[in-house]
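So the structure is just underneath, and the comments pick up after that.
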Amino acid sequence: MSSSGQTIKCKAAVAWEPKKPLTIEEIEVAPPKAGEVRIKVLYTGVCHTDSYTLGGHDPEGIFPCILGHEGGGIVESVGDGVTSVKEGDHVVPLYIPQCGDCKFCKSPKTNLCQRLRVTQGKGVMLDGTSRFTCKGKSLFHFMGTSTFAQYTVVSEFSVAKVKDEAPLDKVCLLGCGISTGYGAALNTAKVEEGSICAIWGLGAVGLAVAMGCKEAGASRIIGIDINPDKFEVAKKFGVSEFVNPLDHTKPIQEVIAEMTDGGCDYTFECIGNVKTMRAALESCHKGWGQSIIIGVAAAGQEISTRPFQLVIGKVWKGSAFGGWKSRDSVPKLVEKYLDKKMMVDEFVTFNKKFEEINIAFDLMHEGKALRTVVNLFE
Ligand SMILES: NC(=O)C1=CN([C@@H]2O[C@H](COP(=O)(O)OP(=O)(O)OC[C@H]3O[C@@H](n4cnc5c(N)ncnc54)[C@H](OP(=O)(O)O)[C@@H]3O)[C@@H](O)[C@H]2O)C=CC1
Ligand SMILES: N[C@@H](CCC(=O)N[C@@H](CSC=O)C(=O)NCC(=O)O)C(=O)O
Ligand SMILES: [Zn+2]
Ligand SMILES: [Zn+2]
């Protein structure tokens, strides 16, 4: 019997309050309204940003909510007026939508569609309401995706239809971490052949940056991390040299400058730490070096450097979702993966059952996981 038009009861990992583990609860998921899509979420990754919000560091964090933004699933039903996807389509939810019609979507200079941004930041759908309830309480959405639920409702603008043959337990990761790092190298920095690159933080995002730098023909890719366990795995993604700041007494920017005859062409911060953001900028080559901030820093944190660093030609940039215009790009990234032209499987270090989702957070904090993929129906 079709569930279309009905409220669905299913399981979700609910974040009732910051700094507390998620709890698996039965929730009710209302049918999609006009312009919305209800998705059966089969798999989800766990990104550091989920942990950042659960940890109470996100100024937009709003509880109780359903976190998660690296999902892969199948369209269960669509609301009135939805034409771009239909029941049965395989999809990846998108935390940066692409409406195609706003000033941002029409500009080739950005991927930051603003159509849903205000309501998304408030944890509700475009009409200002939530589709989730649990124990009689409304639950907030998160990043317009909420993939830690067996069923979620998202805007039509927030789904990418992907090929049916794409394994959803892998391509879910193209919903954030891999696309973000890879695109930061290719779209935001536009790394050139022969470039010297350095990457702070060798998690999934940092290693996806390395993959992009390698594809662009970088001559040296320096990985910087305080966890030496990351170094061996990082080689597979193209990292050619390793620096552990804990092995040095002098500032890391001096170490990098000595190693590179004055600094790097491109540096990437993939941690979310304002001190390493400064180090990454100051490790750029005078005159042309660019530093890309990808890491998300906690509420209240601010970056600083001597303005002279910018006067002498170093450039500070940021990158969200790797600069990809999401609905156009994610299906293409999936095809590239299916054509074996980019790595995705290699980012999956663990698979867990839904009830083990908190272990996925632990593995990330222990530095053991690049990505843990959670099966929501196991
Ligand atoms: N801008 C965007 O669009 C996106 C941003 N992000 C952000 O990117 C960042 C990285 O995400 P993700 O890859 O999932 O995170 P991970 O936690 O997997 O990776 C971060 C890595 O940085 C290491 N690290 C921590 N502190 C330092 C330090 N002081 N110096 C050097 N290395 C350090 C960690 O080591 P250890 O293993 O010991 O913890 C870990 O290896 C996060 O801030 C996340 O919120 C994520 C996705 C999209
Ligand atoms: N809500 C936070 C900002 C969080 C943030 O920067 N998110 C990134 C994606 S992180 C994915 O894992 C992003 O793309 N931001 C663009 C956006 O419009 O949110 C805060 O308020 O600090
Ligand atoms: Zn993420
Ligand atoms: Zn738009």
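To be explicit about the labels: the chains of the structure tokens are called A, B, and onward in the order shown, and within each one the residues are counted from 1, while ligands get numbers from 1 in the order they are shown.
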Every residue of segment 3-101 of chain A that DSSP places in strand (DSSP E), as a ChimeraX atom specification:
/A:8-14,23-29,36-45,70-78,90-93
Give the residues close to ligand 4, within 7 Å, counting only C-alpha atoms and all ligand atoms; write them as an MDAnalysis selection string.
chainID A and resid 97:105 113:115
Using only C-alpha atoms and all ligand atoms, which residues of the polymer chains come no farther than 9 Å from ligand 2? I'd like the answer as a PyMOL selection string.
chain A and resi 47-50+52-53+57-61+69-70+95-96+112-114+117+120-121+143+176-177+180+294-300+319-322
Give me the residues near segment 34-45 of chain A as a PDB file with C-alpha atoms, in the first residue's frame, where near means some atom within 8 Å (using only C-alpha atoms) and where sequence neighbours in that chain fewer than 4 positions away do not count.
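After the write, out36.pdb holds the following:
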ATOM      1  CA  GLY A  68      22.565  14.685   9.360  1.00  0.00           C
ATOM      2  CA  HIS A  69      23.420  16.012   5.918  1.00  0.00           C
ATOM      3  CA  GLU A  70      25.327  13.263   4.055  1.00  0.00           C
ATOM      4  CA  GLY A  71      22.453  11.084   2.917  1.00  0.00           C
ATOM      5  CA  GLY A  72      21.530   8.706   0.154  1.00  0.00           C
ATOM      6  CA  GLY A  73      17.945   7.612  -0.360  1.00  0.00           C
ATOM      7  CA  ILE A  74      14.920   6.993  -2.540  1.00  0.00           C
ATOM      8  CA  VAL A  75      12.035   9.378  -3.148  1.00  0.00           C
ATOM      9  CA  GLU A  76       8.965   8.039  -1.314  1.00  0.00           C
ATOM     10  CA  SER A  77       6.534  10.730  -2.457  1.00  0.00           C
ATOM     11  CA  VAL A  78       6.448  14.286  -3.746  1.00  0.00           C
ATOM     12  CA  GLY A  79       4.270  17.293  -2.970  1.00  0.00           C
ATOM     13  CA  ASP A  80       2.184  19.321  -5.411  1.00  0.00           C
ATOM     14  CA  GLY A  81       4.084  20.977  -8.202  1.00  0.00           C
ATOM     15  CA  VAL A  82       7.235  18.870  -7.896  1.00  0.00           C
ATOM     16  CA  THR A 147      19.358  12.591   7.173  1.00  0.00           C
ATOM     17  CA  PHE A 148      19.466  10.940  10.625  1.00  0.00           C
ATOM     18  CA  ALA A 149      15.822   9.895  10.069  1.00  0.00           C
ATOM     19  CA  GLN A 150      14.520   6.939   8.081  1.00  0.00           C
ATOM     20  CA  TYR A 151      12.238   9.403   6.301  1.00  0.00           C
ATOM     21  CA  THR A 152      12.937  13.076   5.814  1.00  0.00           C
ATOM     22  CA  VAL A 153      11.250  15.919   3.985  1.00  0.00           C
ATOM     23  CA  VAL A 154      13.288  18.403   1.958  1.00  0.00           C
ATOM     24  CA  SER A 155      12.632  21.098  -0.607  1.00  0.00           C
ATOM     25  CA  GLU A 156      12.660  20.049  -4.252  1.00  0.00           C
ATOM     26  CA  LEU A 168      23.837   4.869  -2.048  1.00  0.00           C
ATOM     27  CA  ASP A 169      26.042   3.653   0.808  1.00  0.00           C
ATOM     28  CA  CYS A 172      25.850   9.604   0.260  1.00  0.00           C
ATOM     29  CA  LEU A 173      29.326  11.004   1.012  1.00  0.00           C
ATOM     30  CA  ARG A 371      33.804   8.530   7.357  1.00  0.00           C
ATOM     31  CA  THR A 372      31.452   6.071   9.042  1.00  0.00           C
ATOM     32  CA  VAL A 373      28.432   5.216   6.910  1.00  0.00           C
ATOM     33  CA  VAL A 374      25.304   4.376   8.906  1.00  0.00           C
ATOM     34  CA  ASN A 375      22.637   2.018   7.513  1.00  0.00           C
ATOM     35  CA  LEU A 376      19.324   3.429   8.758  1.00  0.00           C
ATOM     36  CA  PHE A 377      17.426   0.187   8.130  1.00  0.00           C
TER      37      PHE A 377
END
So which residues touch Val239 of chain A within 6 Å, counting only C-alpha atoms, skipping near sequence neighbours fewer than 6 positions away, as number ranges by chain?
A: 221-223
Proximity to ligand 3 - best of A:Ala198, A:Leu174, A:Val344, A:Val274, only C-alpha atoms and all ligand atoms
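Residue with the minimum atom-to-atom distance to ligand 3: A:Leu174.
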The residue from A:Glu269, A:Asp362, A:Glu335, A:Glu258 with the smallest atom-to-atom distance to Gly318 of chain A, counting only C-alpha atoms, is A:Glu269
